[in-house]
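Peer 1: Input file: protein_6.cif. Contents: mmCIF, C-alpha atoms and all ligand atoms.
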```cif
data_final
#
loop_
_atom_site.label_atom_id
_atom_site.label_comp_id
_atom_site.auth_asym_id
_atom_site.auth_seq_id
_atom_site.Cartn_x
_atom_site.Cartn_y
_atom_site.Cartn_z
CA MET A 1 -10.39 -19.83 4.29
CA ILE A 2 -6.80 -20.62 5.16
CA TYR A 3 -5.77 -20.74 8.83
CA ARG A 4 -2.21 -20.81 10.10
CA MET A 5 -1.00 -21.39 13.65
CA TYR A 6 0.03 -18.08 15.24
CA GLY A 7 3.43 -18.96 16.67
CA LYS A 8 3.16 -21.07 19.82
CA THR A 9 -0.18 -19.64 20.96
CA GLY A 10 -2.37 -22.51 19.77
CA LYS A 11 -4.60 -19.99 17.97
CA LYS A 12 -5.23 -20.12 14.25
CA PRO A 13 -6.12 -16.76 12.71
CA SER A 14 -7.55 -16.56 9.21
CA ILE A 15 -5.08 -15.55 6.51
CA LEU A 16 -7.33 -12.57 5.78
CA GLY A 17 -7.74 -10.23 8.73
CA PHE A 18 -10.30 -7.45 9.19
CA GLY A 19 -8.83 -4.03 10.02
CA GLY A 20 -10.99 -1.36 11.61
CA MET A 21 -9.00 1.73 10.62
CA ARG A 22 -10.51 2.72 7.29
CA PHE A 23 -14.32 2.58 7.59
CA LYS A 24 -15.65 5.07 5.02
CA GLU A 25 -19.01 5.50 6.73
CA ILE A 26 -18.01 5.43 10.36
CA LYS A 27 -21.34 6.91 11.48
CA ASN A 28 -23.26 4.11 9.81
CA ARG A 29 -22.72 1.54 12.53
CA ASP A 30 -25.11 -1.01 11.03
CA LEU A 31 -23.13 -1.01 7.81
CA CYS A 32 -19.79 -1.38 9.63
CA VAL A 33 -21.17 -4.30 11.63
CA GLU A 34 -22.57 -5.82 8.44
CA MET A 35 -19.06 -5.66 6.95
CA MET A 36 -17.73 -7.60 9.95
CA VAL A 37 -20.47 -10.21 9.63
CA GLU A 38 -19.86 -10.63 5.87
CA ALA A 39 -16.20 -11.24 6.58
CA ALA A 40 -16.96 -13.71 9.37
CA LYS A 41 -19.36 -15.60 7.11
CA ALA A 42 -16.41 -16.24 4.78
CA GLY A 43 -14.32 -17.51 7.70
CA VAL A 44 -12.46 -14.34 8.73
CA ASN A 45 -11.79 -14.67 12.45
CA TYR A 46 -9.08 -12.04 13.11
CA PHE A 47 -10.34 -8.53 13.83
CA ASP A 48 -7.80 -5.78 14.45
CA THR A 49 -8.55 -2.39 15.93
CA ALA A 50 -6.93 0.24 18.18
CA PRO A 51 -8.03 2.78 20.78
CA LYS A 52 -7.30 5.74 18.52
CA TYR A 53 -8.85 4.64 15.24
CA PHE A 54 -11.53 7.31 14.73
CA GLY A 55 -11.15 8.19 18.39
CA THR A 56 -12.65 5.22 20.18
CA GLN A 57 -15.27 4.62 17.49
CA SER A 58 -13.54 1.68 15.81
CA GLU A 59 -13.38 -0.23 19.10
CA GLU A 60 -17.01 0.65 19.78
CA ILE A 61 -18.05 -0.69 16.36
CA PHE A 62 -16.04 -3.84 16.96
CA GLY A 63 -17.84 -4.20 20.31
CA GLU A 64 -21.19 -4.10 18.51
CA GLY A 65 -19.85 -6.42 15.81
CA PHE A 66 -18.60 -8.94 18.37
CA LEU A 67 -22.03 -9.11 19.99
CA GLU A 68 -23.49 -9.89 16.59
CA LEU A 69 -20.81 -12.46 15.72
CA ARG A 70 -21.43 -14.17 19.06
CA ARG A 71 -25.18 -14.15 18.47
CA LEU A 72 -24.65 -15.72 15.04
CA GLY A 73 -22.15 -18.25 16.36
CA PHE A 74 -19.06 -17.06 14.44
CA PRO A 75 -15.76 -17.55 16.27
CA PHE A 76 -13.41 -14.56 16.37
CA TYR A 77 -10.20 -13.21 17.83
CA CYS A 78 -9.77 -9.59 18.82
CA ALA A 79 -6.50 -7.74 18.41
CA THR A 80 -6.07 -4.27 19.82
CA LYS A 81 -3.29 -2.10 21.18
CA THR A 82 -2.05 0.45 23.68
CA PHE A 83 0.51 3.25 23.43
CA GLU A 84 0.70 3.39 27.23
CA ALA A 85 3.63 2.04 29.21
CA SER A 86 3.01 2.32 32.94
CA GLU A 87 0.87 -0.27 34.67
CA ALA A 88 -1.67 2.11 36.21
CA VAL A 89 -2.38 3.87 32.91
CA ILE A 90 -2.52 0.65 30.89
CA ARG A 91 -4.96 -0.77 33.40
CA ARG A 92 -7.23 2.25 32.99
CA GLU A 93 -6.94 1.97 29.22
CA ILE A 94 -7.77 -1.72 29.06
CA GLU A 95 -10.78 -1.35 31.33
CA GLY A 96 -12.25 1.07 28.78
CA GLN A 97 -11.27 -1.17 25.87
CA LEU A 98 -12.87 -4.31 27.32
CA LYS A 99 -16.05 -2.36 27.94
CA ARG A 100 -16.12 -0.89 24.43
CA LEU A 101 -15.31 -4.24 22.85
CA ASN A 102 -17.83 -6.21 24.93
CA LEU A 103 -15.10 -8.66 25.91
CA ASP A 104 -13.70 -10.14 29.14
CA SER A 105 -10.30 -10.70 27.61
CA ILE A 106 -8.35 -9.50 24.55
CA ASP A 107 -6.76 -12.26 22.46
CA PHE A 108 -3.83 -10.35 20.96
CA TYR A 109 -2.85 -7.23 22.91
CA HIS A 110 -0.16 -5.12 21.27
CA ILE A 111 2.44 -2.79 22.64
CA TRP A 112 1.59 -0.27 19.98
CA CYS A 113 3.74 1.39 17.37
CA ILE A 114 7.35 0.99 18.33
CA ASP A 115 8.98 3.13 15.66
CA LYS A 116 12.37 3.64 17.30
CA LEU A 117 14.45 1.33 19.47
CA GLU A 118 14.88 4.26 21.85
CA GLU A 119 11.08 4.32 22.25
CA TRP A 120 11.17 0.61 23.06
CA ARG A 121 13.78 1.19 25.76
CA MET A 122 11.69 4.02 27.23
CA ARG A 123 8.52 1.96 27.40
CA LYS A 124 10.39 -0.89 29.03
CA GLU A 125 11.83 1.50 31.61
CA LYS A 126 8.30 2.64 32.38
CA GLY A 127 7.31 -0.95 33.09
CA VAL A 128 5.39 -2.04 29.99
CA ILE A 129 6.68 -5.63 30.14
CA GLU A 130 5.67 -6.20 33.78
CA ALA A 131 2.31 -4.55 33.16
CA PHE A 132 1.55 -6.82 30.20
CA LYS A 133 2.71 -9.89 32.16
CA LYS A 134 0.27 -9.08 34.95
CA LEU A 135 -2.60 -8.51 32.52
CA LYS A 136 -1.90 -11.94 31.06
CA GLU A 137 -1.66 -13.63 34.46
CA GLN A 138 -5.00 -12.07 35.37
CA GLY A 139 -6.59 -13.28 32.12
CA LEU A 140 -7.36 -9.80 30.82
CA ILE A 141 -5.26 -10.51 27.76
CA GLN A 142 -4.35 -13.82 26.15
CA HIS A 143 -1.19 -13.04 24.20
CA ILE A 144 1.47 -10.33 24.30
CA CYS A 145 2.36 -8.83 20.94
CA VAL A 146 4.08 -5.77 19.58
CA SER A 147 3.34 -3.57 16.59
CA SER A 148 6.19 -1.81 14.90
CA HIS A 149 7.18 0.45 12.04
CA LEU A 150 10.86 -0.34 12.40
CA ILE A 151 12.86 -1.80 9.55
CA GLY A 152 13.75 -5.50 9.48
CA ASP A 153 17.07 -5.46 11.36
CA GLN A 154 15.57 -3.35 14.13
CA ILE A 155 12.52 -5.60 14.38
CA LYS A 156 14.96 -8.46 14.90
CA GLU A 157 16.37 -6.55 17.86
CA LEU A 158 12.90 -5.84 19.24
CA LEU A 159 11.80 -9.46 18.99
CA LYS A 160 14.68 -10.65 21.15
CA GLU A 161 12.40 -9.77 24.08
CA GLU A 162 11.38 -13.16 25.45
CA ILE A 163 7.86 -12.21 26.48
CA LEU A 164 6.66 -11.38 22.96
CA GLU A 165 4.48 -13.96 21.23
CA GLY A 166 3.86 -12.18 17.97
CA VAL A 167 4.40 -9.06 15.92
CA LEU A 168 2.43 -6.78 13.62
CA PHE A 169 4.08 -4.64 10.95
CA GLY A 170 3.38 -3.08 7.56
CA TYR A 171 4.23 -5.35 4.66
CA SER A 172 3.07 -5.34 1.08
CA ALA A 173 4.06 -6.40 -2.39
CA TYR A 174 6.04 -3.22 -2.97
CA ASN A 175 7.62 -2.39 0.40
CA PHE A 176 8.51 -5.84 1.69
CA ALA A 177 12.20 -5.09 1.29
CA PHE A 178 12.09 -2.88 4.39
CA ARG A 179 11.05 -5.68 6.70
CA GLN A 180 12.09 -8.91 5.04
CA LYS A 181 14.82 -9.60 7.59
CA ALA A 182 12.31 -9.68 10.46
CA PHE A 183 11.14 -13.08 9.22
CA GLU A 184 14.47 -14.62 10.20
CA ILE A 185 13.78 -14.18 13.91
CA ILE A 186 10.05 -14.88 13.49
CA ALA A 187 10.94 -18.30 12.09
CA GLU A 188 13.78 -18.90 14.56
CA LYS A 189 11.58 -18.19 17.60
CA ASP A 190 8.36 -19.46 16.04
CA LEU A 191 6.49 -16.20 16.63
CA GLY A 192 3.13 -15.16 15.25
CA CYS A 193 3.05 -12.54 12.51
CA ALA A 194 0.26 -10.29 11.30
CA VAL A 195 0.88 -7.78 8.54
CA MET A 196 -0.95 -4.53 7.90
CA ASN A 197 -1.22 -2.22 4.89
CA PRO A 198 -1.13 -5.23 2.51
CA LEU A 199 -2.42 -3.04 -0.33
CA GLY A 200 -0.05 -0.18 0.39
CA GLY A 201 -2.79 2.07 1.71
CA GLY A 202 -4.65 1.89 -1.63
CA ILE A 203 -1.71 2.51 -3.95
CA ILE A 204 -1.83 -0.97 -5.45
CA PRO A 205 -5.56 -1.05 -6.32
CA GLU A 206 -5.37 2.54 -7.59
CA ASN A 207 -2.55 1.69 -9.98
CA PRO A 208 -3.56 -1.63 -11.53
CA ASP A 209 -1.48 -1.14 -14.67
CA ILE A 210 1.70 -0.37 -12.84
CA PHE A 211 1.28 -3.29 -10.46
CA SER A 212 0.09 -5.72 -13.13
CA PHE A 213 3.42 -7.55 -12.88
CA LEU A 214 2.06 -9.06 -9.63
CA LYS A 215 -0.57 -11.00 -11.57
CA LEU A 216 -0.06 -14.65 -12.36
CA ASN A 217 -2.84 -14.70 -14.94
CA LYS A 218 -5.18 -12.32 -16.72
CA LYS A 219 -8.21 -13.25 -14.63
CA GLU A 220 -6.70 -12.06 -11.37
CA SER A 221 -7.37 -8.51 -10.22
CA VAL A 222 -4.37 -6.64 -8.93
CA VAL A 223 -5.86 -6.73 -5.40
CA GLU A 224 -6.10 -10.51 -5.60
CA ALA A 225 -2.55 -10.72 -6.88
CA ALA A 226 -1.17 -8.45 -4.14
CA LEU A 227 -2.94 -10.49 -1.45
CA HIS A 228 -1.86 -13.79 -3.03
CA PHE A 229 1.72 -12.61 -2.88
CA LEU A 230 1.35 -12.17 0.89
CA PHE A 231 -0.61 -15.39 1.42
CA SER A 232 2.29 -17.22 -0.21
CA HIS A 233 4.58 -16.23 2.67
CA GLU A 234 4.28 -19.12 5.07
CA ARG A 235 5.29 -17.08 8.14
CA ILE A 236 2.47 -14.57 7.65
CA ASN A 237 -0.50 -15.64 9.75
CA THR A 238 -2.89 -12.92 8.74
CA ALA A 239 -2.87 -10.04 6.26
CA ILE A 240 -5.04 -7.31 7.74
CA VAL A 241 -6.97 -5.28 5.20
CA GLY A 242 -8.44 -2.02 6.50
CA PHE A 243 -11.86 -2.19 4.92
CA GLY A 244 -13.62 0.98 3.81
CA GLU A 245 -16.79 -0.47 2.34
CA LEU A 246 -18.61 -3.72 1.75
CA LYS A 247 -17.39 -4.29 -1.80
CA GLU A 248 -13.79 -4.27 -0.54
CA VAL A 249 -14.67 -7.05 1.91
CA HIS A 250 -16.09 -9.09 -0.95
CA GLU A 251 -13.07 -8.45 -3.17
CA ALA A 252 -10.66 -9.59 -0.46
CA ILE A 253 -12.74 -12.70 0.24
CA LYS A 254 -12.60 -13.49 -3.48
CA ALA A 255 -8.83 -13.25 -3.25
CA VAL A 256 -8.79 -15.91 -0.54
CA GLU A 257 -11.11 -18.15 -2.54
CA SER A 258 -9.04 -17.86 -5.70
CA TYR A 259 -5.71 -18.51 -3.97
CA SER A 260 -4.23 -21.80 -5.04
CA GLY A 261 -0.66 -21.37 -3.85
CA TYR A 262 2.42 -19.93 -5.48
CA ASP A 263 5.52 -21.75 -6.41
CA ASN A 264 8.79 -20.22 -5.34
CA LYS A 265 9.71 -19.35 -8.90
CA GLU A 266 6.73 -16.99 -9.13
CA VAL A 267 7.56 -15.32 -5.83
CA GLU A 268 11.14 -14.83 -6.97
CA ARG A 269 9.97 -13.46 -10.32
CA ILE A 270 7.82 -10.88 -8.56
CA LYS A 271 10.55 -9.92 -6.14
CA ASN A 272 13.05 -9.54 -8.93
CA THR A 273 10.66 -7.56 -11.09
CA LEU A 274 9.92 -5.08 -8.40
CA PRO A 275 11.75 -1.90 -9.40
CA ASP A 276 13.87 -0.29 -6.74
CA THR A 277 11.78 2.85 -6.89
CA PHE A 278 8.77 1.00 -5.46
CA LYS A 279 10.47 0.38 -2.16
CA ASP A 280 10.15 3.89 -0.84
CA LEU A 281 6.59 4.94 -1.29
CA CYS A 282 4.38 6.66 1.26
CA THR A 283 1.71 4.28 2.57
CA GLY A 284 -0.60 7.02 3.80
CA CYS A 285 -0.40 5.90 7.44
CA GLN A 286 -0.46 9.57 8.59
CA TYR A 287 1.89 9.14 11.53
CA CYS A 288 3.73 12.24 10.26
CA ASP A 289 0.60 14.36 10.17
CA ASN A 290 1.48 16.70 13.01
CA CYS A 291 3.50 19.39 11.30
CA PRO A 292 4.02 22.58 13.34
CA GLU A 293 3.74 24.52 10.06
CA LYS A 294 0.45 22.73 9.28
CA ILE A 295 1.81 21.26 6.07
CA PRO A 296 -0.48 18.44 4.83
CA ILE A 297 2.45 16.02 4.61
CA PRO A 298 0.59 12.76 3.81
CA LYS A 299 -1.22 14.43 0.91
CA LEU A 300 2.00 15.86 -0.49
CA MET A 301 3.79 12.53 -0.05
CA ASP A 302 0.90 10.73 -1.72
CA ALA A 303 1.32 13.07 -4.68
CA TYR A 304 5.06 12.38 -4.64
CA ASN A 305 4.23 8.66 -4.92
CA HIS A 306 2.65 9.49 -8.24
CA LYS A 307 5.87 11.05 -9.45
CA LYS A 308 7.65 7.86 -8.41
CA LEU A 309 5.05 5.60 -9.93
CA TYR A 310 4.60 7.43 -13.22
CA GLY A 311 8.11 8.86 -13.49
CA LYS A 312 7.12 12.47 -14.19
CA ASN A 313 6.39 15.70 -12.35
CA GLU A 314 3.08 16.14 -14.19
CA ALA A 315 1.67 13.11 -12.38
CA LEU A 316 2.56 14.72 -9.06
CA LEU A 317 1.04 18.04 -10.03
CA ASP A 318 -2.13 16.40 -11.39
CA ARG A 319 -2.59 14.51 -8.16
CA LEU A 320 -2.17 17.66 -6.09
CA LYS A 321 -4.54 19.64 -8.25
CA TRP A 322 -7.32 17.18 -9.07
CA HIS A 323 -7.30 14.87 -6.08
CA TRP A 324 -6.16 16.99 -3.15
CA ASN A 325 -6.79 20.48 -4.45
CA ILE A 326 -3.63 21.88 -2.88
CA SER A 327 -0.82 23.91 -4.32
CA PRO A 328 2.80 22.67 -4.49
CA GLY A 329 3.67 25.98 -2.78
CA GLU A 330 2.34 24.47 0.48
CA ALA A 331 5.57 22.48 0.64
CA SER A 332 7.69 25.63 0.88
CA LYS A 333 6.47 26.34 4.43
CA CYS A 334 8.75 23.59 5.78
CA SER A 335 11.15 24.83 8.47
CA GLU A 336 13.10 21.54 8.35
CA CYS A 337 12.45 20.79 12.03
CA GLY A 338 12.66 17.07 11.21
CA GLU A 339 9.68 15.92 13.31
CA CYS A 340 7.90 14.31 10.39
CA GLU A 341 10.95 12.32 9.31
CA GLU A 342 11.34 10.97 12.82
CA ALA A 343 7.72 9.88 12.80
CA CYS A 344 7.68 8.46 9.28
CA THR A 345 6.97 4.76 9.32
CA GLN A 346 8.56 4.31 5.90
CA HIS A 347 11.67 6.31 6.83
CA LEU A 348 11.12 8.63 3.86
CA PRO A 349 13.26 11.72 3.14
CA ILE A 350 10.24 13.98 3.52
CA ILE A 351 12.17 17.26 3.74
CA ALA A 352 14.03 16.64 0.48
CA ARG A 353 10.80 15.61 -1.24
CA LEU A 354 9.05 18.73 -0.01
CA LYS A 355 11.87 20.81 -1.46
CA GLU A 356 11.39 19.12 -4.81
CA ILE A 357 7.67 19.73 -4.68
CA SER A 358 8.04 23.38 -3.68
CA GLU A 359 10.33 23.94 -6.68
CA LEU A 360 7.42 22.95 -8.92
CA ALA A 361 5.27 25.82 -7.65
CA PRO A 362 4.43 28.36 -10.40
S1 LIG B 1 10.31 18.99 8.74
FE1 LIG B 1 8.97 20.42 7.67
S2 LIG B 1 7.23 19.22 7.03
FE2 LIG B 1 8.31 18.03 8.57
S3 LIG B 1 7.24 18.53 10.48
FE3 LIG B 1 8.98 19.95 10.31
S4 LIG B 1 8.17 21.74 9.28
FE4 LIG B 1 6.69 20.09 9.00
S1 LIG B 2 5.17 10.25 4.87
FE1 LIG B 2 5.63 8.47 6.14
S2 LIG B 2 4.51 8.76 8.06
FE2 LIG B 2 3.70 10.20 6.54
S3 LIG B 2 1.94 9.16 5.69
FE3 LIG B 2 3.67 8.71 4.36
S4 LIG B 2 4.54 6.78 5.15
FE4 LIG B 2 3.17 7.59 6.72
#
```
Can the structure from this file be put into C-alpha cells for me?

Peer 2:
Amino acid sequence: MIYRMYGKTGKKPSILGFGGMRFKEIKNRDLCVEMMVEAAKAGVNYFDTAPKYFGTQSEEIFGEGFLELRRLGFPFYCATKTFEASEAVIRREIEGQLKRLNLDSIDFYHIWCIDKLEEWRMRKEKGVIEAFKKLKEQGLIQHICVSSHLIGDQIKELLKEEILEGVLFGYSAYNFAFRQKAFEIIAEKDLGCAVMNPLGGGIIPENPDIFSFLKLNKKESVVEAALHFLFSHERINTAIVGFGELKEVHEAIKAVESYSGYDNKEVERIKNTLPDTFKDLCTGCQYCDNCPEKIPIPKLMDAYNHKKLYGKNEALLDRLKWHWNISPGEASKCSECGECEEACTQHLPIIARLKEISELAP
C-alpha cells in the first residue's frame, strides 16, 4: 500500500480509500463489514462515510466495521461529514455520529458538499467555522476539512479559509479538467486532498473499450488504469472508491499492488488523448434527484452519457429501454424551473439535454 502525508496533519492515509456510499447489499451487515476488513488487510486505512448515505446505515455499518478492525488490530482513520452549520445542530449531529461510529473522535470531519460559493458564505454566517473550531479544541474531531462539488477556480476561493486542513472533491480520469486548478492552492498551502468518484460512478469500468486509452499495457484492466492515473498525482492522498461488493474491493487492491508509478510523459499522453466530450459526463451522484415534476434526472443523464460516449442517439435510447426501462417522453415533463441545474455537481446543461431526449420520443 502507498501512504502519503495528508497536508500538515501528520496523518498518512492509504492511497486507496474505502467509501461507504455504494454498498449493494446494505442489509447484509456481515458482508459489508467483511468488505471493510478485506480492505484493511491490504493496508487500506481511510474509511469515508456520511450521515445520509443510506440514511444513517452507512455510518452504522462503519461503526460495526471499526469495532472489528480494532479487534483485529488494523489501524484506521474515519472521515465523515455534516451539512449543518450552526453549533447547536452540529453538536447534536456529531453526538449521534460518534455513537453510530463507535468512536470518541472523528479524524477528518468535513463541512459537507459546498456546491456554490454563496452556500459557503451562508454556512459561515451561521457559524460553521467557530463550531468546527470548538469541536476540534474539545477533541471531538481531529481535522477540519471541506467537501465540494465546485469547479477548480471556485475551490481555490474556498480553500483560502485558513482553518481548512484538507479537501474532498470528485476527480477521475475523464472529468479532471473541472477541478485541476484546485491543486494549485492545495500545493501552495500544503493541504490534504481526498478524491471521490475515481471511476466516474461506474462509467469507466462499464465502458472498457472506450476508456482503453488509459491503459499503459494490455495486462491492466481499465479500473486499474483509471486508479493508476489518480495514484500518479502526487497531491492526491487517497482515492475513495465507493465499494458495492467484495470483488470490487479485490479489484481495487489489485490496482494498488500493480501500480509501479507513471512517468510524466504517460500522464500527458492520457490528458491529451482525452476527448473534450468526456469532460461533461454525469457521474450519477444524484444530487439533482429532487425534481418537482418527478423526472428521473440521473437515469436520463446516465443515458445521455451513452450518447456522448458512443456518439449516437441509439445508444441513449438502448440505455433507456434496456437498462432503465423508461421512455424518452419522461423528459418532456420538464418545466425548466432550473433546480436540477443548480444542484448538479458537474454543472451540466440538464434542461437542454432533456429537450434533446424528449425530441427522441416516438
Ligand atoms: S429544470 Fe426540469 S428537470 Fe430540472 S428540476 Fe426543474 S422540472 Fe425537473
Ligand atoms: S445530472 Fe449532475 S447532479 Fe445529477 S446525477 Fe448527474 S452529475 Fe449528479

Peer 1: Calculated over all atoms listed in the file, which of the candidates A:Ala352, A:Ile204, A:Leu216, A:Cys334 has the smallest distance to A:Lys265?

Peer 2: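 With all atoms listed in the file as the atom set, the closest residue is A:Leu216.
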
Peer 1: Centre and edge lengths of an axis-aligned box around all listed atoms of stretch 337-341 of chain A, with 5 Å added on each side, are to be given in Å to one decimal, as lines of an AutoDock Vina configuration file.

Peer 2:
```
center_x = 10.3
center_y = 16.6
center_z = 11.3
size_x = 14.8
size_y = 18.5
size_z = 14.0
```

Peer 1: Could you tell me, counting all atoms listed in the file, which protein and nucleic acid residues lie no more than 12 Å from ligand LIG 2 (chain B), written as a PDB file with C-alpha atoms, in the coordinates of the input?

Peer 2:
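Contents of out_37.pdb, as written:
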```pdb
ATOM      1  CA  CYS A 113       3.740   1.390  17.370  1.00  0.00           C
ATOM      2  CA  ASP A 115       8.980   3.130  15.660  1.00  0.00           C
ATOM      3  CA  HIS A 149       7.180   0.450  12.040  1.00  0.00           C
ATOM      4  CA  LEU A 150      10.860  -0.340  12.400  1.00  0.00           C
ATOM      5  CA  GLY A 170       3.380  -3.080   7.560  1.00  0.00           C
ATOM      6  CA  ASN A 175       7.620  -2.390   0.400  1.00  0.00           C
ATOM      7  CA  ASN A 197      -1.220  -2.220   4.890  1.00  0.00           C
ATOM      8  CA  GLY A 200      -0.050  -0.180   0.390  1.00  0.00           C
ATOM      9  CA  GLY A 201      -2.790   2.070   1.710  1.00  0.00           C
ATOM     10  CA  ILE A 203      -1.710   2.510  -3.950  1.00  0.00           C
ATOM     11  CA  LYS A 279      10.470   0.380  -2.160  1.00  0.00           C
ATOM     12  CA  ASP A 280      10.150   3.890  -0.840  1.00  0.00           C
ATOM     13  CA  LEU A 281       6.590   4.940  -1.290  1.00  0.00           C
ATOM     14  CA  CYS A 282       4.380   6.660   1.260  1.00  0.00           C
ATOM     15  CA  THR A 283       1.710   4.280   2.570  1.00  0.00           C
ATOM     16  CA  GLY A 284      -0.600   7.020   3.800  1.00  0.00           C
ATOM     17  CA  CYS A 285      -0.400   5.900   7.440  1.00  0.00           C
ATOM     18  CA  GLN A 286      -0.460   9.570   8.590  1.00  0.00           C
ATOM     19  CA  TYR A 287       1.890   9.140  11.530  1.00  0.00           C
ATOM     20  CA  CYS A 288       3.730  12.240  10.260  1.00  0.00           C
ATOM     21  CA  ASP A 289       0.600  14.360  10.170  1.00  0.00           C
ATOM     22  CA  ASN A 290       1.480  16.700  13.010  1.00  0.00           C
ATOM     23  CA  CYS A 291       3.500  19.390  11.300  1.00  0.00           C
ATOM     24  CA  ILE A 295       1.810  21.260   6.070  1.00  0.00           C
ATOM     25  CA  PRO A 296      -0.480  18.440   4.830  1.00  0.00           C
ATOM     26  CA  ILE A 297       2.450  16.020   4.610  1.00  0.00           C
ATOM     27  CA  PRO A 298       0.590  12.760   3.810  1.00  0.00           C
ATOM     28  CA  LYS A 299      -1.220  14.430   0.910  1.00  0.00           C
ATOM     29  CA  LEU A 300       2.000  15.860  -0.490  1.00  0.00           C
ATOM     30  CA  MET A 301       3.790  12.530  -0.050  1.00  0.00           C
ATOM     31  CA  ASP A 302       0.900  10.730  -1.720  1.00  0.00           C
ATOM     32  CA  ALA A 303       1.320  13.070  -4.680  1.00  0.00           C
ATOM     33  CA  TYR A 304       5.060  12.380  -4.640  1.00  0.00           C
ATOM     34  CA  ASN A 305       4.230   8.660  -4.920  1.00  0.00           C
ATOM     35  CA  GLY A 338      12.660  17.070  11.210  1.00  0.00           C
ATOM     36  CA  GLU A 339       9.680  15.920  13.310  1.00  0.00           C
ATOM     37  CA  CYS A 340       7.900  14.310  10.390  1.00  0.00           C
ATOM     38  CA  GLU A 341      10.950  12.320   9.310  1.00  0.00           C
ATOM     39  CA  GLU A 342      11.340  10.970  12.820  1.00  0.00           C
ATOM     40  CA  ALA A 343       7.720   9.880  12.800  1.00  0.00           C
ATOM     41  CA  CYS A 344       7.680   8.460   9.280  1.00  0.00           C
ATOM     42  CA  THR A 345       6.970   4.760   9.320  1.00  0.00           C
ATOM     43  CA  GLN A 346       8.560   4.310   5.900  1.00  0.00           C
ATOM     44  CA  HIS A 347      11.670   6.310   6.830  1.00  0.00           C
ATOM     45  CA  LEU A 348      11.120   8.630   3.860  1.00  0.00           C
ATOM     46  CA  PRO A 349      13.260  11.720   3.140  1.00  0.00           C
ATOM     47  CA  ILE A 350      10.240  13.980   3.520  1.00  0.00           C
ATOM     48  CA  ILE A 351      12.170  17.260   3.740  1.00  0.00           C
ATOM     49  CA  ALA A 352      14.030  16.640   0.480  1.00  0.00           C
ATOM     50  CA  ARG A 353      10.800  15.610  -1.240  1.00  0.00           C
ATOM     51  CA  LEU A 354       9.050  18.730  -0.010  1.00  0.00           C
TER      52      LEU A 354
END
```

Peer 1: Considering only C-alpha atoms, return as a list of chain:residue names whatever protein or nucleic-acid residues lie within 8 Å of stretch 93-95 of chain A, sequence-local ones (same chain, fewer than 4 positions apart) excluded.

Peer 2: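 Returned residues: A:Thr82, A:Val89, A:Lys99.
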
Peer 1: Any chance you can output those residues with C-alpha atoms as a PDB file, in the coordinates of the input?

Peer 2:
```pdb
ATOM      1  CA  THR A  82      -2.050   0.450  23.680  1.00  0.00           C
ATOM      2  CA  VAL A  89      -2.380   3.870  32.910  1.00  0.00           C
ATOM      3  CA  LYS A  99     -16.050  -2.360  27.940  1.00  0.00           C
TER       4      LYS A  99
END
```

Peer 1: For each of A:Arg269, A:Ser172, A:Ser358, A:Pro292, take the minimum atom-to-atom distance to ligand LIG 1 (chain B), counting all atoms listed in the file, then give the residue where this is smallest.

Peer 2: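 Between A:Arg269, A:Ser172, A:Ser358, A:Pro292, the residue approaching ligand LIG 1 (chain B) most closely is A:Pro292.
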
Peer 1: Just want the 9 Å neighbourhood of stretch 14-24 of chain A, counted on all atoms listed in the file, with same-chain residues fewer than 4 positions away dropped. Output as a ChimeraX atom specification.

Peer 2: /A:1-4,32,36,39,43-50,53-54,58-59,61-62,194-196,227,231,236-245,249,252-253,256

Peer 1: As an exercise, work out the distance from atom CA of A:Pro208 to atom CA of A:Ala225 in Å and give it to one decimal place.

Peer 2: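 Taking atom CA of A:Pro208 as the start and atom CA of A:Ala225 as the end point, the length is 10.3 Å.
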
Peer 1: Around (-9.8, -7.0, 23.4) in the file's own coordinates, what residues are found within 7 Å if you use only C-alpha atoms, given back as a CSV table (one decimal) with C-alpha atoms, in the coordinates of the input?

Peer 2:
```csv
chain,number,residue,atom,x,y,z
A,78,CYS,CA,-9.8,-9.6,18.8
A,79,ALA,CA,-6.5,-7.7,18.4
A,80,THR,CA,-6.1,-4.3,19.8
A,97,GLN,CA,-11.3,-1.2,25.9
A,98,LEU,CA,-12.9,-4.3,27.3
A,101,LEU,CA,-15.3,-4.2,22.8
A,103,LEU,CA,-15.1,-8.7,25.9
A,105,SER,CA,-10.3,-10.7,27.6
A,106,ILE,CA,-8.4,-9.5,24.6
A,107,ASP,CA,-6.8,-12.3,22.5
A,109,TYR,CA,-2.8,-7.2,22.9
```

Peer 1: Could you check the closest approach to ligand LIG 1 (chain B) for each of A:Lys181, A:Lys312, A:Lys219, A:Lys294 and tell me which residue wins, using only C-alpha atoms and all ligand atoms?

Peer 2: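 Ranking A:Lys181, A:Lys312, A:Lys219, A:Lys294 by distance to ligand LIG 1 (chain B), first place goes to A:Lys294.
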
Peer 1: Looking at only C-alpha atoms, which of A:Glu266, A:Glu184, A:Glu356, A:Ala173 is the one that sits closest to A:Val223?

Peer 2: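 Under the stated criterion, the closest residue is A:Ala173.
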
Peer 1: Measuring between only C-alpha atoms and all ligand atoms, which one of A:Gly73, A:Glu359, A:Glu87, A:Glu336 shows the shortest distance to ligand LIG 1 (chain B)?

Peer 2: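 The shortest atom-to-atom distance to ligand LIG 1 (chain B) comes from A:Glu336.
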
Peer 1: Considering all atoms listed in the file, can you say which of A:Leu158, A:Val146, A:Ile141, A:Ala42 comes closest to A:Ile111?

Peer 2: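 Checking each candidate against A:Ile111, we get A:Val146 as the closest.
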
Peer 1: Find the residues near A:Leu214: any atom within 12 Å, counting all atoms listed in the file, skip ones fewer than 2 places away on the same chain, and give them as a PyMOL selection string.

Peer 2: chain A and resi 172-174+199+204-205+207-212+216-218+220-230+262+266-274
